[in-house]
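S.K.: Input input-v2.cif, format and content: mmCIF, C-alpha atoms and all ligand atoms.
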```
data_target
loop_
_atom_site.group_PDB
_atom_site.id
_atom_site.type_symbol
_atom_site.label_atom_id
_atom_site.label_comp_id
_atom_site.auth_asym_id
_atom_site.auth_seq_id
_atom_site.Cartn_x
_atom_site.Cartn_y
_atom_site.Cartn_z
ATOM 1 C CA MET A 1 0.755 -8.315 -20.721
ATOM 2 C CA MET A 2 -0.631 -4.844 -21.328
ATOM 3 C CA GLN A 3 1.551 -1.938 -20.153
ATOM 4 C CA ALA A 4 -0.049 1.098 -18.582
ATOM 5 C CA SER A 5 1.552 4.525 -18.362
ATOM 6 C CA ILE A 6 1.465 6.110 -14.930
ATOM 7 C CA PRO A 7 1.688 9.836 -14.155
ATOM 8 C CA ARG A 8 4.510 10.959 -11.875
ATOM 9 C CA LEU A 9 4.557 13.468 -9.025
ATOM 10 C CA SER A 10 7.543 15.806 -8.641
ATOM 11 C CA ALA A 11 9.284 17.145 -5.552
ATOM 12 C CA GLN A 12 12.905 18.261 -5.125
ATOM 13 C CA GLY A 13 13.978 16.439 -8.299
ATOM 14 C CA ALA A 14 12.185 13.189 -7.376
ATOM 15 C CA GLU A 15 9.663 11.840 -9.894
ATOM 16 C CA ILE A 16 7.415 9.421 -8.041
ATOM 17 C CA PRO A 17 4.945 7.259 -10.011
ATOM 18 C CA ALA A 18 1.480 8.072 -8.637
ATOM 19 C CA ILE A 19 0.590 4.386 -8.220
ATOM 20 C CA GLY A 20 3.108 1.958 -6.755
ATOM 21 C CA SER A 21 3.112 -1.622 -5.601
ATOM 22 C CA GLY A 22 3.199 -2.376 -1.855
ATOM 23 C CA THR A 23 5.014 -5.458 -0.566
ATOM 24 C CA SER A 24 4.131 -5.678 3.149
ATOM 25 C CA GLN A 25 2.881 -9.208 3.914
ATOM 26 C CA LEU A 26 3.024 -9.971 0.187
ATOM 27 C CA GLY A 27 3.261 -13.720 -0.372
ATOM 28 C CA ASN A 28 5.339 -14.953 -3.347
ATOM 29 C CA CYS A 29 6.940 -11.532 -3.255
ATOM 30 C CA GLY A 30 9.446 -12.135 -6.074
ATOM 31 C CA GLU A 31 6.852 -13.465 -8.481
ATOM 32 C CA ASN A 32 4.332 -10.745 -7.594
ATOM 33 C CA VAL A 33 6.862 -7.922 -7.924
ATOM 34 C CA ALA A 34 7.847 -9.310 -11.336
ATOM 35 C CA THR A 35 4.197 -9.430 -12.400
ATOM 36 C CA ALA A 36 3.650 -5.866 -11.207
ATOM 37 C CA LEU A 37 6.621 -4.644 -13.255
ATOM 38 C CA LYS A 38 5.422 -6.531 -16.352
ATOM 39 C CA LEU A 39 2.032 -4.844 -15.955
ATOM 40 C CA GLY A 40 3.676 -1.421 -15.931
ATOM 41 C CA TYR A 41 4.278 -0.646 -12.245
ATOM 42 C CA ARG A 42 7.498 1.350 -11.830
ATOM 43 C CA HIS A 43 7.269 2.158 -8.114
ATOM 44 C CA ILE A 44 8.005 -0.688 -5.698
ATOM 45 C CA ASP A 45 7.616 -0.095 -1.963
ATOM 46 C CA THR A 46 9.671 -2.395 0.287
ATOM 47 C CA ALA A 47 11.050 -2.178 3.844
ATOM 48 C CA TRP A 48 13.735 -3.899 5.882
ATOM 49 C CA THR A 49 11.058 -5.061 8.366
ATOM 50 C CA TYR A 50 8.933 -6.758 5.690
ATOM 51 C CA GLY A 51 11.633 -9.439 5.510
ATOM 52 C CA ASN A 52 11.185 -9.871 1.756
ATOM 53 C CA GLU A 53 13.676 -7.417 0.229
ATOM 54 C CA LYS A 54 15.710 -10.344 -1.158
ATOM 55 C CA ASP A 55 12.631 -11.736 -2.912
ATOM 56 C CA ALA A 56 11.664 -8.294 -4.216
ATOM 57 C CA GLY A 57 15.189 -7.948 -5.650
ATOM 58 C CA VAL A 58 14.899 -11.347 -7.347
ATOM 59 C CA GLY A 59 11.555 -10.263 -8.864
ATOM 60 C CA ILE A 60 13.032 -7.017 -10.153
ATOM 61 C CA ARG A 61 16.002 -8.740 -11.796
ATOM 62 C CA ALA A 62 13.786 -11.447 -13.317
ATOM 63 C CA THR A 63 11.878 -8.923 -15.438
ATOM 64 C CA GLY A 64 14.827 -7.322 -17.171
ATOM 65 C CA VAL A 65 13.262 -3.886 -16.633
ATOM 66 C CA PRO A 66 16.257 -1.514 -16.464
ATOM 67 C CA ARG A 67 17.078 -0.520 -12.889
ATOM 68 C CA LYS A 68 16.932 3.186 -13.738
ATOM 69 C CA GLU A 69 13.280 2.874 -14.816
ATOM 70 C CA ILE A 70 12.214 1.605 -11.396
ATOM 71 C CA PHE A 71 11.482 3.864 -8.421
ATOM 72 C CA LEU A 72 12.604 1.538 -5.641
ATOM 73 C CA VAL A 73 11.805 2.360 -2.031
ATOM 74 C CA THR A 74 12.947 0.877 1.274
ATOM 75 C CA LYS A 75 12.757 1.905 4.917
ATOM 76 C CA VAL A 76 14.858 1.778 8.078
ATOM 77 C CA SER A 77 13.010 0.360 11.076
ATOM 78 C CA HIS A 78 12.422 2.290 14.334
ATOM 79 C CA GLU A 79 14.866 0.136 16.299
ATOM 80 C CA ASN A 80 17.717 1.034 13.888
ATOM 81 C CA LEU A 81 17.611 4.832 14.095
ATOM 82 C CA ARG A 82 20.971 5.399 15.847
ATOM 83 C CA ALA A 83 23.535 6.522 13.248
ATOM 84 C CA ALA A 84 25.607 3.297 13.275
ATOM 85 C CA ASP A 85 22.546 1.007 13.243
ATOM 86 C CA PHE A 86 20.986 3.124 10.503
ATOM 87 C CA ALA A 87 24.046 2.770 8.258
ATOM 88 C CA ARG A 88 24.146 -0.995 8.889
ATOM 89 C CA SER A 89 20.460 -1.332 8.058
ATOM 90 C CA VAL A 90 20.811 0.581 4.775
ATOM 91 C CA ASP A 91 23.798 -1.564 3.842
ATOM 92 C CA GLU A 92 21.797 -4.721 4.572
ATOM 93 C CA SER A 93 18.802 -3.496 2.546
ATOM 94 C CA LEU A 94 20.996 -2.753 -0.490
ATOM 95 C CA LYS A 95 22.581 -6.212 -0.221
ATOM 96 C CA ASN A 96 19.154 -7.828 0.141
ATOM 97 C CA LEU A 97 17.802 -5.993 -2.878
ATOM 98 C CA GLN A 98 21.115 -6.461 -4.767
ATOM 99 C CA VAL A 99 21.220 -2.808 -5.828
ATOM 100 C CA ASP A 100 23.770 0.012 -5.425
ATOM 101 C CA TYR A 101 21.161 2.579 -4.416
ATOM 102 C CA VAL A 102 17.468 2.970 -3.693
ATOM 103 C CA ASP A 103 15.448 5.798 -5.194
ATOM 104 C CA LEU A 104 13.841 6.626 -1.875
ATOM 105 C CA LEU A 105 14.898 5.811 1.672
ATOM 106 C CA HIS A 106 12.458 6.318 4.549
ATOM 107 C CA VAL A 107 12.602 6.399 8.300
ATOM 108 C CA HIS A 108 9.859 3.772 8.770
ATOM 109 C CA TRP A 109 8.485 4.940 12.147
ATOM 110 C CA PRO A 110 9.710 7.741 14.416
ATOM 111 C CA SER A 111 11.316 7.000 17.774
ATOM 112 C CA PRO A 112 12.306 10.446 19.125
ATOM 113 C CA GLU A 113 11.814 9.520 22.807
ATOM 114 C CA LYS A 114 14.477 6.821 22.546
ATOM 115 C CA ILE A 115 16.781 8.217 19.845
ATOM 116 C CA PRO A 116 17.386 11.939 19.190
ATOM 117 C CA LEU A 117 15.672 12.916 15.952
ATOM 118 C CA GLY A 118 18.699 14.988 14.905
ATOM 119 C CA GLU A 119 20.912 11.877 14.949
ATOM 120 C CA THR A 120 18.419 9.961 12.814
ATOM 121 C CA MET A 121 17.934 12.756 10.299
ATOM 122 C CA GLY A 122 21.718 13.160 10.033
ATOM 123 C CA ALA A 123 22.041 9.440 9.269
ATOM 124 C CA LEU A 124 19.257 9.658 6.672
ATOM 125 C CA ALA A 125 20.929 12.647 4.976
ATOM 126 C CA LYS A 126 24.291 10.843 5.039
ATOM 127 C CA ALA A 127 22.812 7.871 3.156
ATOM 128 C CA LYS A 128 21.755 10.327 0.457
ATOM 129 C CA ARG A 129 25.105 12.118 0.361
ATOM 130 C CA ASP A 130 26.906 8.770 0.138
ATOM 131 C CA GLY A 131 24.844 7.934 -2.958
ATOM 132 C CA LEU A 132 22.973 5.057 -1.305
ATOM 133 C CA ALA A 133 19.614 6.798 -1.710
ATOM 134 C CA ARG A 134 18.621 9.237 -4.458
ATOM 135 C CA HIS A 135 15.915 10.799 -2.280
ATOM 136 C CA ILE A 136 14.827 10.647 1.339
ATOM 137 C CA GLY A 137 11.571 10.785 3.274
ATOM 138 C CA VAL A 138 9.861 9.783 6.487
ATOM 139 C CA ALA A 139 6.836 7.634 7.283
ATOM 140 C CA ASN A 140 4.280 7.790 10.093
ATOM 141 C CA PHE A 141 5.372 11.241 11.340
ATOM 142 C CA ASN A 142 2.726 13.692 12.597
ATOM 143 C CA THR A 143 2.839 17.350 11.490
ATOM 144 C CA ALA A 144 4.832 18.496 14.557
ATOM 145 C CA LEU A 145 7.485 15.817 14.153
ATOM 146 C CA LEU A 146 7.587 16.258 10.384
ATOM 147 C CA GLY A 147 8.280 19.987 10.785
ATOM 148 C CA GLU A 148 11.036 19.158 13.271
ATOM 149 C CA ALA A 149 12.499 16.494 10.946
ATOM 150 C CA MET A 150 12.621 18.968 8.047
ATOM 151 C CA ARG A 151 14.347 21.520 10.270
ATOM 152 C CA LEU A 152 16.943 19.021 11.496
ATOM 153 C CA CYS A 153 17.643 17.261 8.191
ATOM 154 C CA PRO A 154 20.587 18.659 6.206
ATOM 155 C CA GLU A 155 19.044 17.335 2.957
ATOM 156 C CA PRO A 156 15.507 17.980 1.645
ATOM 157 C CA LEU A 157 12.763 15.410 2.221
ATOM 158 C CA VAL A 158 10.586 14.593 -0.801
ATOM 159 C CA THR A 159 7.662 12.680 0.680
ATOM 160 C CA LEU A 160 5.807 11.674 3.794
ATOM 161 C CA GLN A 161 4.410 8.154 3.678
ATOM 162 C CA ALA A 162 1.323 7.730 5.869
ATOM 163 C CA GLU A 163 -1.898 5.759 6.055
ATOM 164 C CA TYR A 164 -4.678 7.264 3.957
ATOM 165 C CA HIS A 165 -7.966 5.885 2.647
ATOM 166 C CA PRO A 166 -11.608 7.018 2.761
ATOM 167 C CA TYR A 167 -12.105 5.907 6.380
ATOM 168 C CA LEU A 168 -9.246 8.065 7.722
ATOM 169 C CA ASP A 169 -9.179 11.868 7.909
ATOM 170 C CA GLN A 170 -5.701 13.049 6.883
ATOM 171 C CA SER A 171 -6.697 16.622 5.968
ATOM 172 C CA LYS A 172 -4.273 18.228 8.443
ATOM 173 C CA LEU A 173 -1.255 16.149 7.415
ATOM 174 C CA LEU A 174 -2.073 16.528 3.715
ATOM 175 C CA ALA A 175 -2.438 20.318 4.001
ATOM 176 C CA PHE A 176 0.910 20.451 5.821
ATOM 177 C CA CYS A 177 2.622 18.395 3.103
ATOM 178 C CA ARG A 178 1.208 20.647 0.392
ATOM 179 C CA ARG A 179 2.349 23.745 2.257
ATOM 180 C CA VAL A 180 5.943 22.518 2.633
ATOM 181 C CA GLY A 181 6.201 20.906 -0.823
ATOM 182 C CA LEU A 182 6.199 17.216 0.121
ATOM 183 C CA ILE A 183 4.395 14.519 -1.832
ATOM 184 C CA PHE A 184 1.969 12.513 0.319
ATOM 185 C CA THR A 185 2.383 8.764 -0.269
ATOM 186 C CA ALA A 186 -0.735 6.910 0.897
ATOM 187 C CA PHE A 187 -0.221 3.462 2.411
ATOM 188 C CA CYS A 188 -3.103 1.059 3.140
ATOM 189 C CA PRO A 189 -4.923 2.931 0.330
ATOM 190 C CA LEU A 190 -7.574 0.205 0.230
ATOM 191 C CA GLY A 191 -7.925 0.116 3.998
ATOM 192 C CA ARG A 192 -6.343 -3.356 3.851
ATOM 193 C CA GLY A 193 -9.575 -4.635 2.284
ATOM 194 C CA ARG A 194 -11.976 -2.938 4.757
ATOM 195 C CA LEU A 195 -13.469 -0.729 2.057
ATOM 196 C CA PHE A 196 -14.769 -3.511 -0.123
ATOM 197 C CA LYS A 197 -18.222 -3.836 1.463
ATOM 198 C CA ASP A 198 -18.857 -0.114 1.764
ATOM 199 C CA PRO A 199 -22.301 0.747 0.327
ATOM 200 C CA VAL A 200 -21.386 4.314 -0.721
ATOM 201 C CA LEU A 201 -18.247 3.186 -2.565
ATOM 202 C CA SER A 202 -20.219 0.295 -4.016
ATOM 203 C CA ASP A 203 -22.911 2.649 -5.437
ATOM 204 C CA ILE A 204 -20.307 4.971 -6.970
ATOM 205 C CA ALA A 205 -18.417 1.996 -8.418
ATOM 206 C CA ARG A 206 -21.604 0.620 -9.987
ATOM 207 C CA ASP A 207 -22.541 4.030 -11.475
ATOM 208 C CA LYS A 208 -19.062 4.439 -12.961
ATOM 209 C CA GLY A 209 -18.634 0.854 -14.129
ATOM 210 C CA LYS A 210 -15.478 0.583 -11.990
ATOM 211 C CA THR A 211 -14.483 -1.495 -8.985
ATOM 212 C CA ILE A 212 -14.418 -0.234 -5.394
ATOM 213 C CA ALA A 213 -10.603 -0.441 -5.421
ATOM 214 C CA GLN A 214 -10.483 1.797 -8.509
ATOM 215 C CA ILE A 215 -12.868 4.315 -6.935
ATOM 216 C CA ALA A 216 -10.840 4.448 -3.696
ATOM 217 C CA LEU A 217 -7.542 4.881 -5.568
ATOM 218 C CA ARG A 218 -9.013 7.445 -7.961
ATOM 219 C CA TRP A 219 -10.330 9.433 -4.966
ATOM 220 C CA LEU A 220 -6.778 9.552 -3.585
ATOM 221 C CA VAL A 221 -4.904 10.489 -6.759
ATOM 222 C CA GLN A 222 -7.562 12.967 -7.904
ATOM 223 C CA GLN A 223 -6.954 15.048 -4.758
ATOM 224 C CA GLY A 224 -3.538 15.923 -6.217
ATOM 225 C CA ASN A 225 -0.085 15.576 -4.681
ATOM 226 C CA ILE A 226 -0.880 11.997 -3.567
ATOM 227 C CA ALA A 227 0.766 8.740 -4.632
ATOM 228 C CA ALA A 228 -0.824 5.444 -3.517
ATOM 229 C CA ILE A 229 0.819 2.053 -3.019
ATOM 230 C CA PRO A 230 -1.781 -0.751 -2.973
ATOM 231 C CA ARG A 231 -0.527 -4.284 -2.350
ATOM 232 C CA SER A 232 -1.878 -7.206 -4.325
ATOM 233 C CA ALA A 233 -1.006 -10.812 -5.080
ATOM 234 C CA ASN A 234 -3.638 -10.971 -7.818
ATOM 235 C CA PRO A 235 -2.585 -9.867 -11.339
ATOM 236 C CA GLU A 236 -6.143 -8.792 -12.239
ATOM 237 C CA HIS A 237 -6.276 -6.574 -9.160
ATOM 238 C CA MET A 238 -2.800 -5.185 -9.943
ATOM 239 C CA ALA A 239 -3.871 -4.246 -13.467
ATOM 240 C CA GLU A 240 -7.125 -2.750 -12.215
ATOM 241 C CA SER A 241 -5.339 -0.576 -9.652
ATOM 242 C CA LEU A 242 -3.149 0.947 -12.374
ATOM 243 C CA THR A 243 -6.192 1.874 -14.472
ATOM 244 C CA VAL A 244 -7.369 4.880 -12.498
ATOM 245 C CA PHE A 245 -6.210 7.690 -14.760
ATOM 246 C CA ASN A 246 -8.840 7.371 -17.501
ATOM 247 C CA PHE A 247 -11.892 8.544 -15.550
ATOM 248 C CA THR A 248 -12.757 11.240 -13.019
ATOM 249 C CA LEU A 249 -15.023 11.447 -9.997
ATOM 250 C CA THR A 250 -17.452 14.380 -9.821
ATOM 251 C CA ASP A 251 -17.134 16.896 -6.973
ATOM 252 C CA GLU A 252 -20.249 15.344 -5.452
ATOM 253 C CA GLU A 253 -18.743 11.838 -5.593
ATOM 254 C CA MET A 254 -15.481 13.111 -4.071
ATOM 255 C CA GLU A 255 -17.444 14.724 -1.209
ATOM 256 C CA LYS A 256 -19.491 11.576 -0.576
ATOM 257 C CA ILE A 257 -16.217 9.681 -0.168
ATOM 258 C CA PHE A 258 -14.691 12.358 2.093
ATOM 259 C CA ALA A 259 -17.797 11.969 4.291
ATOM 260 C CA LEU A 260 -16.871 8.307 4.976
ATOM 261 C CA ARG A 261 -14.058 9.330 7.372
ATOM 262 C CA ARG A 262 -14.574 7.878 10.850
ATOM 263 C CA PRO A 263 -12.850 8.292 14.208
ATOM 264 C CA ASP A 264 -11.809 4.629 14.383
ATOM 265 C CA GLY A 265 -10.589 4.470 10.773
ATOM 266 C CA ARG A 266 -6.878 4.090 11.530
ATOM 267 C CA ILE A 267 -5.398 0.622 10.856
ATOM 268 C CA ALA A 268 -1.612 0.940 11.340
ATOM 269 C CA ASN A 269 -1.237 1.996 14.964
ATOM 270 C CA PRO A 270 1.298 -0.140 16.857
ATOM 271 C CA ALA A 271 1.008 0.461 20.611
ATOM 272 C CA GLY A 272 3.214 3.268 21.899
ATOM 273 C CA ARG A 273 4.841 4.033 18.517
ATOM 274 C CA VAL A 274 3.221 7.468 17.903
ATOM 275 C CA SER A 275 1.834 9.385 20.897
ATOM 276 C CA ALA A 276 -0.348 11.928 19.085
ATOM 277 C CA TRP A 277 -1.740 11.524 15.575
ATOM 278 C CA ASP A 278 -3.025 14.628 13.796
HETATM 279 N N1 LIG B 301 5.102 2.863 6.127
HETATM 280 C C1 LIG B 301 4.329 2.042 6.816
HETATM 281 O O1 LIG B 301 4.362 2.010 8.057
HETATM 282 C C2 LIG B 301 3.372 1.147 6.079
HETATM 283 C C3 LIG B 301 2.340 0.518 6.809
HETATM 284 C C4 LIG B 301 1.459 -0.301 6.097
HETATM 285 C C5 LIG B 301 1.609 -0.464 4.720
HETATM 286 N N2 LIG B 301 2.643 0.134 4.053
HETATM 287 C C6 LIG B 301 2.840 -0.067 2.582
HETATM 288 O O2 LIG B 301 1.593 0.131 1.921
HETATM 289 C C7 LIG B 301 1.278 -1.028 1.157
HETATM 290 C C8 LIG B 301 -0.234 -1.204 1.045
HETATM 291 O O3 LIG B 301 -0.868 -1.334 2.296
HETATM 292 P P1 LIG B 301 -1.468 -2.729 2.810
HETATM 293 O O4 LIG B 301 -0.688 -3.811 2.170
HETATM 294 O O5 LIG B 301 -1.488 -2.686 4.285
HETATM 295 O O6 LIG B 301 -2.998 -2.723 2.379
HETATM 296 P P2 LIG B 301 -3.884 -2.282 1.095
HETATM 297 O O7 LIG B 301 -3.051 -2.107 -0.120
HETATM 298 O O8 LIG B 301 -4.760 -1.175 1.546
HETATM 299 O O9 LIG B 301 -4.825 -3.578 0.936
HETATM 300 C C9 LIG B 301 -4.322 -4.795 0.502
HETATM 301 C C10 LIG B 301 -5.512 -5.718 0.277
HETATM 302 O O10 LIG B 301 -6.309 -5.221 -0.796
HETATM 303 C C11 LIG B 301 -6.493 -6.251 -1.774
HETATM 304 N N3 LIG B 301 -6.434 -5.610 -3.104
HETATM 305 C C12 LIG B 301 -5.399 -4.924 -3.649
HETATM 306 N N4 LIG B 301 -5.740 -4.431 -4.856
HETATM 307 C C13 LIG B 301 -7.027 -4.803 -5.066
HETATM 308 C C14 LIG B 301 -7.926 -4.579 -6.124
HETATM 309 N N5 LIG B 301 -7.600 -3.866 -7.215
HETATM 310 N N6 LIG B 301 -9.161 -5.145 -6.023
HETATM 311 C C15 LIG B 301 -9.521 -5.879 -4.938
HETATM 312 N N7 LIG B 301 -8.705 -6.104 -3.899
HETATM 313 C C16 LIG B 301 -7.467 -5.561 -3.957
HETATM 314 C C17 LIG B 301 -5.384 -7.233 -1.586
HETATM 315 O O11 LIG B 301 -5.829 -8.532 -1.904
HETATM 316 P P3 LIG B 301 -5.323 -9.321 -3.234
HETATM 317 O O12 LIG B 301 -3.907 -9.725 -2.952
HETATM 318 O O13 LIG B 301 -6.275 -10.454 -3.315
HETATM 319 O O14 LIG B 301 -5.446 -8.380 -4.381
HETATM 320 C C18 LIG B 301 -5.104 -7.120 -0.089
HETATM 321 O O15 LIG B 301 -5.954 -7.993 0.649
HETATM 322 C C19 LIG B 301 1.991 -2.143 1.949
HETATM 323 O O16 LIG B 301 2.069 -3.333 1.216
HETATM 324 C C20 LIG B 301 3.306 -1.479 2.254
HETATM 325 O O17 LIG B 301 4.157 -1.500 1.110
HETATM 326 C C21 LIG B 301 3.509 0.959 4.709
#
```
Take the structure in the file and give it back as structure tokens.
M.R.:
Amino acid sequence: MMQASIPRLSAQGAEIPAIGSGTSQLGNCGENVATALKLGYRHIDTAWTYGNEKDAGVGIRATGVPRKEIFLVTKVSHENLRAADFARSVDESLKNLQVDYVDLLHVHWPSPEKIPLGETMGALAKAKRDGLARHIGVANFNTALLGEAMRLCPEPLVTLQAEYHPYLDQSKLLAFCRRVGLIFTAFCPLGRGRLFKDPVLSDIARDKGKTIAQIALRWLVQQGNIAAIPRSANPEHMAESLTVFNFTLTDEEMEKIFALRRPDGRIANPAGRVSAWD
């Protein structure tokens, strides 16, 4: 299979490939992760809650791609944010993945009302200091909580992972990340498939001779400081999603896509998990 080369984004010594492969709800996870790696993906996004870390690990080992070439990510779930639970969860993830360390460890969702954020950030920093994670970050934090997390964490965060696609306005969170030097990692970058019938994206895709997925991903990475982690079980789609660095969108096209933001654009919003989005 053809190998693509993917630009990397830097923060605090972390070098994060700008396109990664998501694994939430990914069927045949092992096989699909292996295909992604053969196609040139070097950023694999997993989580303890996805229940497929073992399969992802099998896929990684099957390819023979050296471990050090892969930017491997996992996350600790909101119910495991007490220090002892956190440590147990990290241990389990490493065993599932059959690795000694992950490149990036996230708090998957915040839970500050139930568990003091300071305890969680201490546990996250400890995983890094113990060599179990090269870098650390948080997911699904709003700007207020992210600022608090950075203040409480004894080690630097490198990225915030949050939902971002043309239907969701993330200007405030993105500006905050830029200001404090965090990479923004966009999950659900294709709006979990909701973008594919959009007439504006469809027109731009036709004009450019690209697909809607490529236009949506290009719009994200062209903004700068953004990595995106689409999930696919289709090798043609996987290859397509990597090929977004050989064309550019005009300012007018970028603005047309920004204008697609809508108040009901958010997809990942489990009841009661985050009280106030930005
Ligand atoms: N931190 C968090 O709380 C959080 C929450 C949600 C997601 N995530 C991460 O973000 C990843 C991506 O988000 P997601 O899985 O929700 O949704 P997504 O990547 O926005 O959308 C996935 C859908 O898009 C299709 N697709 C992918 N590439 C395509 C392409 N090039 N052309 C056409 N269709 C394409 C896939 O179908 P095919 O399989 O047919 O290609 C699938 O139906 C997750 O897998 C997970 O790793 C994190």
S.K.: Restricting the calculation to only C-alpha atoms and all ligand atoms, which member of A:Leu81, A:Ala149, A:Val200, A:Ile44 is positioned closest to ligand LIG 301 (chain B)?
M.R.: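 The shortest atom-to-atom distance to ligand LIG 301 (chain B) comes from A:Ile44.
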S.K.: When you look at Ser89 (chain A) with a cut-off of 8 Å (counting all atoms listed in the file), what residues show up, excluding the ones that are within fewer than 3 positions of it in the same chain? I need them as a VMD selection string.
M.R.: chain A and resid 48 76 80 85 to 86 92 to 93
S.K.: Determine, using all atoms listed in the file, which residues of region 126-172 of chain A have any atom at most 9 Å from an atom of region 208-227 of chain A, and tabulate each with its shortest atom pair and distance in Å to one decimal place, rows ordered by chain and then rising number, as a tab-separated table.
M.R.:
```
residue	atom	partner	partner_atom	distance
A:Tyr164	CA	A:Leu220	CA	8.2
A:His165	CA	A:Ala216	CA	7.1
A:Pro166	CA	A:Ala216	CA	7.0
```
S.K.: For a test of reading the model, state the distance in Å between CA of Lys128 (chain A) and CA of Asn96 (chain A), rounded to one decimal.
M.R.: 18.3 Å
S.K.: Between CA of Glu255 (chain A) and CA of Asp169 (chain A), what distance in Å does the model show, to one decimal?
M.R.: 12.6 Å
S.K.: Could you give me, as an NGL selection string, the residues within 7 Å of Ala18 (chain A), counting only C-alpha atoms and dropping anything in the same chain fewer than 4 positions from it?
M.R.: :A and (6-9 or 226-228)
S.K.: Using all atoms listed in the file, find the one residue out of A:Gly122, A:Ser111, A:Pro235, A:Ala162 that sits nearest to Lys38 (chain A).
M.R.: A:Pro235
S.K.: 6 Å from ligand LIG 301 (chain B) is the threshold here; counting only C-alpha atoms and all ligand atoms, which polymer residues fall inside it? Answer as a compact mmCIF listing (two decimals) with C-alpha atoms, keeping the file's coordinate frame.
M.R.:
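Final file, selection-v2.txt:
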```txt
# COMPACT_ATOMS: atom_id res chain seq x y z
CA GLY A 22 3.20 -2.38 -1.86
CA THR A 23 5.01 -5.46 -0.57
CA SER A 24 4.13 -5.68 3.15
CA ASP A 45 7.62 -0.10 -1.96
CA THR A 46 9.67 -2.40 0.29
CA HIS A 108 9.86 3.77 8.77
CA ALA A 139 6.84 7.63 7.28
CA GLN A 161 4.41 8.15 3.68
CA PHE A 187 -0.22 3.46 2.41
CA CYS A 188 -3.10 1.06 3.14
CA PRO A 189 -4.92 2.93 0.33
CA LEU A 190 -7.57 0.20 0.23
CA GLY A 191 -7.92 0.12 4.00
CA ARG A 192 -6.34 -3.36 3.85
CA GLY A 193 -9.57 -4.64 2.28
CA ALA A 213 -10.60 -0.44 -5.42
CA ILE A 229 0.82 2.05 -3.02
CA PRO A 230 -1.78 -0.75 -2.97
CA ARG A 231 -0.53 -4.28 -2.35
CA SER A 232 -1.88 -7.21 -4.32
CA ALA A 233 -1.01 -10.81 -5.08
CA ASN A 234 -3.64 -10.97 -7.82
CA HIS A 237 -6.28 -6.57 -9.16
CA MET A 238 -2.80 -5.18 -9.94
CA GLU A 240 -7.12 -2.75 -12.22
CA SER A 241 -5.34 -0.58 -9.65
```
S.K.: State, in Å with one decimal place, the distance from CA of Thr74 (chain A) to CA of Gly51 (chain A).
M.R.: 11.2 Å
S.K.: I need the residue nearest Cys29 (chain A) from this list: A:Asn52, A:Ser202, A:Thr120, A:Asn140. Use all atoms listed in the file for the distance.
M.R.: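 Once distances to Cys29 (chain A) are computed over all atoms listed in the file, the minimum belongs to A:Asn52.
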S.K.: Dig up all the protein and nucleic acid residues within 7 Å of (22.1, 3.4, 2.0) in the file frame, using all atoms listed in the file, and format them as a ChimeraX atom specification.
M.R.: /A:87,90-91,94,101,127,132-133
S.K.: Could those selected residues go to a file with C-alpha atoms, as a PDB file, in the coordinates of the input?
M.R.:
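again-v8.pdb written:
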```
ATOM      1  CA  ALA A  87      24.046   2.770   8.258  1.00  0.00           C
ATOM      2  CA  VAL A  90      20.811   0.581   4.775  1.00  0.00           C
ATOM      3  CA  ASP A  91      23.798  -1.564   3.842  1.00  0.00           C
ATOM      4  CA  LEU A  94      20.996  -2.753  -0.490  1.00  0.00           C
ATOM      5  CA  TYR A 101      21.161   2.579  -4.416  1.00  0.00           C
ATOM      6  CA  ALA A 127      22.812   7.871   3.156  1.00  0.00           C
ATOM      7  CA  LEU A 132      22.973   5.057  -1.305  1.00  0.00           C
ATOM      8  CA  ALA A 133      19.614   6.798  -1.710  1.00  0.00           C
TER       9      ALA A 133
END
```
S.K.: Rank A:Ile183, A:Ala56, A:Ile204, A:Leu145 by their smallest atom-to-atom distance to Ser10 (chain A), using only C-alpha atoms, and report the top residue only.
M.R.: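 Comparing A:Ile183, A:Ala56, A:Ile204, A:Leu145 against Ser10 (chain A), the winner is A:Ile183.
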S.K.: Of the residues A:His43, A:Glu113, A:Lys75, A:Leu97, which is the one nearest to Asp55 (chain A), using all atoms listed in the file?
M.R.: A:Leu97
